[in-house]
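Here the structure comes first, spelled out in structure tokens, and everything after it is commentary.
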Amino acid sequence: MTLHEDGTEPSRRIMPDVSLWAADGSRVRISDYHGRSNLVLLVLGANRLDCLESLLEDIAADQAAYRAENAEVLLAVAGDPAEVGFARGRLELPFPVLDDPSGEALRRLGFPGGGNPMEAAVWVADRFGEVRYAWKDGGGQTAPSSKELLTWLRSIELECPE
């Protein structure tokens, strides 16, 4: 969990239970992972693939390390299915690339524009759905690295080794 600038701990925040579309047409819910695994959720507006492309490639290369930390990775892309298909095909990622064509799920996650083309974010949640780390583009911080995300996951596993 990140601290406020004054060093105080923010109130606990549970990731909203949203549904997104998988490539096979099935629905994937955030709550599908509760009680099973930690979750890294990356969210991109349709035109922001370049924003996190190197991070996505690094996560793909580190996939075994994510599994060792009992974590699943999901990438959610706002936009029409053709744009999401392009993202799926271009990167050949070993984790699900999900679609939110209406932007409703992304609005519930805190994107007022429902994933407009200029938005990107990363969340790390524990197996109970509590958000432990959050980054949103435009906040002045650079995107986290795969190694930083793994550090958060290791911290979670040390606190809750089940």
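Naming scheme: A, B, ... for chains in displayed order of the structure tokens; residues 1 onward per chain; ligands 1 onward as shown.
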Pick out each residue of range 12-150 of chain A that DSSP on the backbone tags as helix (DSSP H, G or I); I need them as a PDB file with N, CA, C and O atoms, in the first residue's frame.
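Written output follows (states-v8.pdb):
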```pdb
ATOM      1  N   ILE A  30     -13.428  -9.428 -12.098  1.00  0.00           N
ATOM      2  CA  ILE A  30     -12.351  -9.246 -11.128  1.00  0.00           C
ATOM      3  C   ILE A  30     -12.557 -10.201  -9.952  1.00  0.00           C
ATOM      4  O   ILE A  30     -11.608 -10.802  -9.447  1.00  0.00           O
ATOM      5  N   SER A  31     -13.797 -10.377  -9.529  1.00  0.00           N
ATOM      6  CA  SER A  31     -14.075 -11.252  -8.384  1.00  0.00           C
ATOM      7  C   SER A  31     -13.743 -12.721  -8.669  1.00  0.00           C
ATOM      8  O   SER A  31     -13.627 -13.509  -7.740  1.00  0.00           O
ATOM      9  N   ASP A  32     -13.563 -13.086  -9.933  1.00  0.00           N
ATOM     10  CA  ASP A  32     -13.158 -14.458 -10.259  1.00  0.00           C
ATOM     11  C   ASP A  32     -11.824 -14.804  -9.607  1.00  0.00           C
ATOM     12  O   ASP A  32     -11.519 -15.979  -9.403  1.00  0.00           O
ATOM     13  N   TYR A  33     -11.028 -13.798  -9.283  1.00  0.00           N
ATOM     14  CA  TYR A  33      -9.691 -14.016  -8.726  1.00  0.00           C
ATOM     15  C   TYR A  33      -9.663 -13.919  -7.205  1.00  0.00           C
ATOM     16  O   TYR A  33      -8.674 -14.297  -6.594  1.00  0.00           O
ATOM     17  N   LEU A  49      -1.380   1.898 -26.164  1.00  0.00           N
ATOM     18  CA  LEU A  49      -0.556   0.698 -26.115  1.00  0.00           C
ATOM     19  C   LEU A  49       0.913   1.057 -25.964  1.00  0.00           C
ATOM     20  O   LEU A  49       1.644   0.421 -25.204  1.00  0.00           O
ATOM     21  N   ASP A  50       1.341   2.119 -26.625  1.00  0.00           N
ATOM     22  CA  ASP A  50       2.745   2.540 -26.547  1.00  0.00           C
ATOM     23  C   ASP A  50       3.147   2.949 -25.137  1.00  0.00           C
ATOM     24  O   ASP A  50       4.305   2.827 -24.758  1.00  0.00           O
ATOM     25  N   CYS A  51       2.199   3.413 -24.328  1.00  0.00           N
ATOM     26  CA  CYS A  51       2.487   3.901 -22.978  1.00  0.00           C
ATOM     27  C   CYS A  51       3.075   2.802 -22.096  1.00  0.00           C
ATOM     28  O   CYS A  51       3.976   3.054 -21.311  1.00  0.00           O
ATOM     29  N   LEU A  52       2.555   1.593 -22.226  1.00  0.00           N
ATOM     30  CA  LEU A  52       2.987   0.501 -21.357  1.00  0.00           C
ATOM     31  C   LEU A  52       3.567  -0.680 -22.129  1.00  0.00           C
ATOM     32  O   LEU A  52       3.754  -1.755 -21.567  1.00  0.00           O
ATOM     33  N   GLU A  53       3.880  -0.506 -23.411  1.00  0.00           N
ATOM     34  CA  GLU A  53       4.328  -1.630 -24.223  1.00  0.00           C
ATOM     35  C   GLU A  53       5.564  -2.308 -23.650  1.00  0.00           C
ATOM     36  O   GLU A  53       5.617  -3.537 -23.540  1.00  0.00           O
ATOM     37  N   SER A  54       6.562  -1.554 -23.239  1.00  0.00           N
ATOM     38  CA  SER A  54       7.765  -2.193 -22.703  1.00  0.00           C
ATOM     39  C   SER A  54       7.462  -2.881 -21.375  1.00  0.00           C
ATOM     40  O   SER A  54       8.006  -3.953 -21.091  1.00  0.00           O
ATOM     41  N   LEU A  55       6.590  -2.303 -20.558  1.00  0.00           N
ATOM     42  CA  LEU A  55       6.190  -2.955 -19.313  1.00  0.00           C
ATOM     43  C   LEU A  55       5.482  -4.272 -19.607  1.00  0.00           C
ATOM     44  O   LEU A  55       5.760  -5.292 -18.977  1.00  0.00           O
ATOM     45  N   LEU A  56       4.581  -4.272 -20.576  1.00  0.00           N
ATOM     46  CA  LEU A  56       3.863  -5.501 -20.939  1.00  0.00           C
ATOM     47  C   LEU A  56       4.833  -6.583 -21.406  1.00  0.00           C
ATOM     48  O   LEU A  56       4.702  -7.753 -21.029  1.00  0.00           O
ATOM     49  N   GLU A  57       5.807  -6.197 -22.206  1.00  0.00           N
ATOM     50  CA  GLU A  57       6.807  -7.164 -22.680  1.00  0.00           C
ATOM     51  C   GLU A  57       7.636  -7.708 -21.520  1.00  0.00           C
ATOM     52  O   GLU A  57       7.935  -8.907 -21.464  1.00  0.00           O
ATOM     53  N   ASP A  58       7.987  -6.836 -20.563  1.00  0.00           N
ATOM     54  CA  ASP A  58       8.756  -7.285 -19.401  1.00  0.00           C
ATOM     55  C   ASP A  58       7.934  -8.231 -18.526  1.00  0.00           C
ATOM     56  O   ASP A  58       8.453  -9.238 -18.023  1.00  0.00           O
ATOM     57  N   ILE A  59       6.669  -7.914 -18.329  1.00  0.00           N
ATOM     58  CA  ILE A  59       5.804  -8.800 -17.545  1.00  0.00           C
ATOM     59  C   ILE A  59       5.687 -10.158 -18.233  1.00  0.00           C
ATOM     60  O   ILE A  59       5.742 -11.201 -17.578  1.00  0.00           O
ATOM     61  N   ALA A  60       5.548 -10.145 -19.545  1.00  0.00           N
ATOM     62  CA  ALA A  60       5.471 -11.402 -20.290  1.00  0.00           C
ATOM     63  C   ALA A  60       6.741 -12.226 -20.088  1.00  0.00           C
ATOM     64  O   ALA A  60       6.682 -13.441 -19.861  1.00  0.00           O
ATOM     65  N   ALA A  61       7.889 -11.568 -20.125  1.00  0.00           N
ATOM     66  CA  ALA A  61       9.165 -12.267 -19.928  1.00  0.00           C
ATOM     67  C   ALA A  61       9.308 -12.781 -18.497  1.00  0.00           C
ATOM     68  O   ALA A  61       9.957 -13.809 -18.269  1.00  0.00           O
ATOM     69  N   GLN A  63       6.826 -13.868 -16.597  1.00  0.00           N
ATOM     70  CA  GLN A  63       5.582 -14.558 -16.260  1.00  0.00           C
ATOM     71  C   GLN A  63       5.777 -15.636 -15.185  1.00  0.00           C
ATOM     72  O   GLN A  63       4.952 -15.777 -14.290  1.00  0.00           O
ATOM     73  N   ALA A  64       6.876 -16.383 -15.236  1.00  0.00           N
ATOM     74  CA  ALA A  64       7.120 -17.426 -14.228  1.00  0.00           C
ATOM     75  C   ALA A  64       7.259 -16.815 -12.835  1.00  0.00           C
ATOM     76  O   ALA A  64       6.788 -17.385 -11.844  1.00  0.00           O
ATOM     77  N   ALA A  65       7.886 -15.650 -12.745  1.00  0.00           N
ATOM     78  CA  ALA A  65       8.041 -14.980 -11.452  1.00  0.00           C
ATOM     79  C   ALA A  65       6.683 -14.525 -10.914  1.00  0.00           C
ATOM     80  O   ALA A  65       6.435 -14.595  -9.704  1.00  0.00           O
ATOM     81  N   TYR A  66       5.792 -14.074 -11.791  1.00  0.00           N
ATOM     82  CA  TYR A  66       4.447 -13.678 -11.360  1.00  0.00           C
ATOM     83  C   TYR A  66       3.688 -14.884 -10.828  1.00  0.00           C
ATOM     84  O   TYR A  66       3.023 -14.808  -9.795  1.00  0.00           O
ATOM     85  N   ARG A  67       3.797 -15.997 -11.523  1.00  0.00           N
ATOM     86  CA  ARG A  67       3.126 -17.220 -11.065  1.00  0.00           C
ATOM     87  C   ARG A  67       3.689 -17.661  -9.719  1.00  0.00           C
ATOM     88  O   ARG A  67       2.959 -18.143  -8.859  1.00  0.00           O
ATOM     89  N   ALA A  68       5.001 -17.511  -9.529  1.00  0.00           N
ATOM     90  CA  ALA A  68       5.630 -17.893  -8.263  1.00  0.00           C
ATOM     91  C   ALA A  68       5.111 -17.041  -7.106  1.00  0.00           C
ATOM     92  O   ALA A  68       5.126 -17.476  -5.955  1.00  0.00           O
ATOM     93  N   PRO A  81     -13.628  -3.766 -30.482  1.00  0.00           N
ATOM     94  CA  PRO A  81     -12.958  -5.066 -30.524  1.00  0.00           C
ATOM     95  C   PRO A  81     -11.819  -5.156 -31.546  1.00  0.00           C
ATOM     96  O   PRO A  81     -10.857  -5.878 -31.322  1.00  0.00           O
ATOM     97  N   ALA A  82     -11.882  -4.412 -32.645  1.00  0.00           N
ATOM     98  CA  ALA A  82     -10.807  -4.459 -33.638  1.00  0.00           C
ATOM     99  C   ALA A  82      -9.509  -3.911 -33.052  1.00  0.00           C
ATOM    100  O   ALA A  82      -8.433  -4.464 -33.271  1.00  0.00           O
ATOM    101  N   GLU A  83      -9.603  -2.814 -32.274  1.00  0.00           N
ATOM    102  CA  GLU A  83      -8.417  -2.244 -31.644  1.00  0.00           C
ATOM    103  C   GLU A  83      -7.842  -3.194 -30.598  1.00  0.00           C
ATOM    104  O   GLU A  83      -6.631  -3.353 -30.480  1.00  0.00           O
ATOM    105  N   VAL A  84      -8.723  -3.841 -29.847  1.00  0.00           N
ATOM    106  CA  VAL A  84      -8.271  -4.789 -28.839  1.00  0.00           C
ATOM    107  C   VAL A  84      -7.624  -5.990 -29.515  1.00  0.00           C
ATOM    108  O   VAL A  84      -6.589  -6.486 -29.072  1.00  0.00           O
ATOM    109  N   GLY A  85      -8.199  -6.441 -30.620  1.00  0.00           N
ATOM    110  CA  GLY A  85      -7.613  -7.543 -31.382  1.00  0.00           C
ATOM    111  C   GLY A  85      -6.220  -7.193 -31.878  1.00  0.00           C
ATOM    112  O   GLY A  85      -5.317  -8.040 -31.873  1.00  0.00           O
ATOM    113  N   PHE A  86      -6.033  -5.954 -32.275  1.00  0.00           N
ATOM    114  CA  PHE A  86      -4.723  -5.503 -32.710  1.00  0.00           C
ATOM    115  C   PHE A  86      -3.727  -5.611 -31.555  1.00  0.00           C
ATOM    116  O   PHE A  86      -2.612  -6.094 -31.718  1.00  0.00           O
ATOM    117  N   ALA A  87      -4.145  -5.175 -30.361  1.00  0.00           N
ATOM    118  CA  ALA A  87      -3.272  -5.261 -29.186  1.00  0.00           C
ATOM    119  C   ALA A  87      -2.936  -6.718 -28.885  1.00  0.00           C
ATOM    120  O   ALA A  87      -1.788  -7.053 -28.588  1.00  0.00           O
ATOM    121  N   ARG A  88      -3.931  -7.599 -28.973  1.00  0.00           N
ATOM    122  CA  ARG A  88      -3.693  -9.022 -28.714  1.00  0.00           C
ATOM    123  C   ARG A  88      -2.681  -9.590 -29.698  1.00  0.00           C
ATOM    124  O   ARG A  88      -1.761 -10.295 -29.322  1.00  0.00           O
ATOM    125  N   GLY A  89      -2.870  -9.304 -30.977  1.00  0.00           N
ATOM    126  CA  GLY A  89      -2.013  -9.864 -32.013  1.00  0.00           C
ATOM    127  C   GLY A  89      -0.620  -9.274 -32.031  1.00  0.00           C
ATOM    128  O   GLY A  89       0.359  -9.975 -32.264  1.00  0.00           O
ATOM    129  N   ARG A  90      -0.520  -7.996 -31.765  1.00  0.00           N
ATOM    130  CA  ARG A  90       0.775  -7.312 -31.850  1.00  0.00           C
ATOM    131  C   ARG A  90       1.753  -7.775 -30.774  1.00  0.00           C
ATOM    132  O   ARG A  90       2.930  -7.955 -31.026  1.00  0.00           O
ATOM    133  N   LEU A  91       1.249  -7.985 -29.561  1.00  0.00           N
ATOM    134  CA  LEU A  91       2.145  -8.275 -28.457  1.00  0.00           C
ATOM    135  C   LEU A  91       2.261  -9.759 -28.111  1.00  0.00           C
ATOM    136  O   LEU A  91       3.205 -10.151 -27.455  1.00  0.00           O
ATOM    137  N   GLU A 104     -17.771   1.118 -19.547  1.00  0.00           N
ATOM    138  CA  GLU A 104     -18.452   1.086 -18.255  1.00  0.00           C
ATOM    139  C   GLU A 104     -17.572   0.512 -17.146  1.00  0.00           C
ATOM    140  O   GLU A 104     -17.508   1.053 -16.044  1.00  0.00           O
ATOM    141  N   ALA A 105     -16.888  -0.581 -17.421  1.00  0.00           N
ATOM    142  CA  ALA A 105     -16.019  -1.182 -16.402  1.00  0.00           C
ATOM    143  C   ALA A 105     -14.913  -0.215 -16.005  1.00  0.00           C
ATOM    144  O   ALA A 105     -14.601  -0.068 -14.821  1.00  0.00           O
ATOM    145  N   LEU A 106     -14.337   0.456 -16.978  1.00  0.00           N
ATOM    146  CA  LEU A 106     -13.256   1.395 -16.675  1.00  0.00           C
ATOM    147  C   LEU A 106     -13.762   2.601 -15.890  1.00  0.00           C
ATOM    148  O   LEU A 106     -13.070   3.119 -15.022  1.00  0.00           O
ATOM    149  N   ARG A 107     -14.992   3.037 -16.159  1.00  0.00           N
ATOM    150  CA  ARG A 107     -15.569   4.127 -15.350  1.00  0.00           C
ATOM    151  C   ARG A 107     -15.682   3.675 -13.890  1.00  0.00           C
ATOM    152  O   ARG A 107     -15.384   4.439 -12.981  1.00  0.00           O
ATOM    153  N   ARG A 108     -16.086   2.427 -13.659  1.00  0.00           N
ATOM    154  CA  ARG A 108     -16.203   1.906 -12.289  1.00  0.00           C
ATOM    155  C   ARG A 108     -14.843   1.806 -11.614  1.00  0.00           C
ATOM    156  O   ARG A 108     -14.754   1.847 -10.398  1.00  0.00           O
ATOM    157  N   SER A 146       8.312  -3.940 -14.204  1.00  0.00           N
ATOM    158  CA  SER A 146       7.912  -5.290 -13.835  1.00  0.00           C
ATOM    159  C   SER A 146       8.541  -5.680 -12.501  1.00  0.00           C
ATOM    160  O   SER A 146       7.893  -6.305 -11.656  1.00  0.00           O
ATOM    161  N   LYS A 147       9.784  -5.305 -12.297  1.00  0.00           N
ATOM    162  CA  LYS A 147      10.476  -5.634 -11.039  1.00  0.00           C
ATOM    163  C   LYS A 147       9.788  -4.972  -9.845  1.00  0.00           C
ATOM    164  O   LYS A 147       9.676  -5.568  -8.773  1.00  0.00           O
ATOM    165  N   GLU A 148       9.319  -3.722 -10.013  1.00  0.00           N
ATOM    166  CA  GLU A 148       8.594  -3.051  -8.931  1.00  0.00           C
ATOM    167  C   GLU A 148       7.288  -3.769  -8.619  1.00  0.00           C
ATOM    168  O   GLU A 148       6.930  -3.951  -7.456  1.00  0.00           O
ATOM    169  N   LEU A 149       6.579  -4.195  -9.659  1.00  0.00           N
ATOM    170  CA  LEU A 149       5.327  -4.927  -9.440  1.00  0.00           C
ATOM    171  C   LEU A 149       5.594  -6.243  -8.712  1.00  0.00           C
ATOM    172  O   LEU A 149       4.853  -6.620  -7.799  1.00  0.00           O
ATOM    173  N   LEU A 150       6.661  -6.923  -9.091  1.00  0.00           N
ATOM    174  CA  LEU A 150       7.024  -8.170  -8.403  1.00  0.00           C
ATOM    175  C   LEU A 150       7.380  -7.914  -6.945  1.00  0.00           C
ATOM    176  O   LEU A 150       7.059  -8.732  -6.064  1.00  0.00           O
TER     177      LEU A 150
END
```
(message) Give me the residues near Asn70 in chain A as an NGL selection string, where near means some atom within 12 Å (using only C-alpha atoms) and where sequence neighbours in that chain fewer than 6 positions away do not count.
(response) :A and (33-40 or 63-64 or 125-127 or 150 or 152-158 or 160-162)
(request) Please return as number ranges by chain: the residues of range 27-139 of chain A that backbone DSSP assigns to strand (DSSP E or B). (result) A: 27-29, 38-44, 71-78, 97-100, 120-125, 130-136
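Distances here use only C-alpha atoms; by that measure, the residue among A:Trp123, A:Arg27, A:Gly103, A:Met15 closest to Leu41 in chain A is A:Trp123.
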(message) Between CA of Val73 in chain A and CA of Val28 in chain A, what distance in Å does the model show, to one decimal?
(response) 12.3 Å
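With only C-alpha atoms as the basis for measurement, A:Asp62 is the residue among A:Val43, A:Asp62, A:Val97, A:Gly79 that approaches Ser145 in chain A most closely.
In this structure, CA of Trp21 in chain A sits 4.9 Å away from CA of Asp99 in chain A.
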(request) State, in Å with one decimal place, the distance from CA of Ala121 in chain A to CA of Lys136 in chain A. (result) 4.2 Å
